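S.K.: Got a structure for you, questions after.
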Amino acid sequence: NKVFNPKIFPNPANNEFFVSYTLPEAADIKVDIYTMDGVKCSSTLFKNQFGQNEQKINVKYKNLQTGIYIVKFSSNIFNTSKVLNLMIK
């Protein structure tokens with residue numbers, strides 16, 4: 001079984017970032033952005049994502065202050081978190 005290991009770029013980001021990944025099977029990917037104290041700021045669902053080769057999705061967000069946020073990726077086949085430093089200019 002392959003593990004979902006997302007890579008976030010650019011980091012720091014400004015209004016959007018990209019996630020590159022590979023998946024062993026088709027899945028919906030949910031991307032949630034949280035403040036460091038656990039408040040959800042943004043949620044985006046990407047339907048039926050698949051890619052045995054490296055794939056890329058574009059995550060856009062609004063109204064986030066400069067700071068460090070937790071980006072959580074989840075679906076029916078994985079659940080992982082990665083820290084993302086978002087910079088708003």
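Simple scheme: letters A, B, ... for chains in structure tokens order, numbers from 1 for residues in each chain, numbers from 1 for ligands in the order shown.
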Counting only C-alpha atoms, give me one row per residue of region 32-87 of chain A with an atom at most 9 Å from an atom of region 24-28 of chain A, showing the shortest contact pair and its distance in Å to one decimal, sorted by chain then residue number, as a Markdown table.
M.R.:
```
| residue | atom | partner | partner_atom | distance |
| --- | --- | --- | --- | --- |
| A:Leu45 | CA | A:Asp28 | CA | 7.0 |
| A:Phe46 | CA | A:Asp28 | CA | 5.7 |
| A:Lys47 | CA | A:Asp28 | CA | 4.5 |
| A:Asn48 | CA | A:Asp28 | CA | 4.8 |
| A:Gln49 | CA | A:Ala27 | CA | 5.3 |
| A:Phe50 | CA | A:Ala26 | CA | 4.5 |
| A:Gly51 | CA | A:Pro24 | CA | 7.3 |
| A:Gln52 | CA | A:Pro24 | CA | 6.0 |
| A:Ser74 | CA | A:Asp28 | CA | 8.3 |
| A:Ser75 | CA | A:Asp28 | CA | 5.8 |
| A:Asn76 | CA | A:Ala27 | CA | 6.8 |
| A:Ile77 | CA | A:Ala27 | CA | 7.1 |
```
S.K.: With C-alpha atoms kept, could you save the residues just selected as a compact mmCIF listing (two decimals), in the first residue's frame?
M.R.:
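Listed below is the output, out.txt:
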```
# COMPACT_ATOMS: atom_id res chain seq x y z
CA LEU A 45 -13.15 19.21 -1.48
CA PHE A 46 -11.52 17.81 -4.62
CA LYS A 47 -13.71 15.04 -6.11
CA ASN A 48 -12.41 11.76 -7.54
CA GLN A 49 -8.69 12.55 -7.53
CA PHE A 50 -6.40 9.84 -8.82
CA GLY A 51 -2.82 9.59 -9.84
CA GLN A 52 -0.31 6.80 -9.79
CA SER A 74 -8.24 13.57 4.48
CA SER A 75 -10.24 11.05 2.45
CA ASN A 76 -11.54 7.52 2.74
CA ILE A 77 -8.03 6.09 2.17
```
S.K.: Give me the residues within 10 Å of Ser42 (chain A) as a list in words, counting only C-alpha atoms and dropping any in the same chain fewer than 4 places off.
M.R.: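 Counting only the stated atoms, we get Val31, Asp32, Ile33, Tyr34, Thr35, Val59, Lys60, Tyr61, Lys62, Asn63, Leu64 and Val71 of chain A.
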S.K.: Keeping only N, CA and C atoms, write those residues as a CSV table (one decimal), in the first residue's frame.
M.R.:
```
chain,number,residue,atom,x,y,z
A,31,VAL,N,-9.2,19.2,1.8
A,31,VAL,CA,-8.1,20.0,2.4
A,31,VAL,C,-8.7,21.0,3.3
A,32,ASP,N,-8.4,20.9,4.6
A,32,ASP,CA,-8.8,21.9,5.6
A,32,ASP,C,-7.6,22.7,6.2
A,33,ILE,N,-7.9,24.0,6.4
A,33,ILE,CA,-6.8,24.8,6.9
A,33,ILE,C,-7.3,25.3,8.3
A,34,TYR,N,-6.4,25.1,9.3
A,34,TYR,CA,-6.7,25.4,10.7
A,34,TYR,C,-5.7,26.4,11.3
A,35,THR,N,-6.1,27.2,12.2
A,35,THR,CA,-5.2,28.1,12.9
A,35,THR,C,-4.4,27.1,13.9
A,59,VAL,N,-5.0,24.8,-4.3
A,59,VAL,CA,-5.9,25.2,-3.2
A,59,VAL,C,-5.8,26.7,-3.1
A,60,LYS,N,-7.0,27.3,-3.2
A,60,LYS,CA,-7.1,28.8,-3.0
A,60,LYS,C,-7.8,29.1,-1.7
A,61,TYR,N,-7.4,30.2,-1.1
A,61,TYR,CA,-8.0,30.5,0.2
A,61,TYR,C,-8.1,32.1,0.3
A,62,LYS,N,-9.0,32.6,1.2
A,62,LYS,CA,-9.2,34.0,1.3
A,62,LYS,C,-9.2,34.4,2.8
A,63,ASN,N,-8.9,35.6,3.1
A,63,ASN,CA,-9.0,36.2,4.4
A,63,ASN,C,-8.2,35.5,5.5
A,64,LEU,N,-7.0,35.0,5.2
A,64,LEU,CA,-6.2,34.5,6.2
A,64,LEU,C,-5.1,35.5,6.5
A,71,VAL,N,-2.4,22.4,7.8
A,71,VAL,CA,-3.2,22.0,6.6
A,71,VAL,C,-3.4,20.5,6.8
```
S.K.: Would you please work out which residue, of A:Gly67, A:Phe78, A:Asn15, A:Phe9, is nearest to Asp37 (chain A) when using only C-alpha atoms?
M.R.: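 Smallest distance to Asp37 (chain A) is found for A:Gly67.
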S.K.: Using only C-alpha atoms, which of the listed residues (A:Asn5, A:Gln55, A:Thr22, A:Asn11) sits closest to Tyr69 (chain A)?
M.R.: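 Using only C-alpha atoms, the shortest distance to Tyr69 (chain A) belongs to A:Asn11.
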S.K.: Let me make sure I understand: among A:Cys41, A:Leu84, A:Ile29, A:Ala13, which one has the smallest atom-to-atom distance to Lys56 (chain A) if we use only C-alpha atoms?
M.R.: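 For Lys56 (chain A), the nearest of the given residues is A:Ile29.
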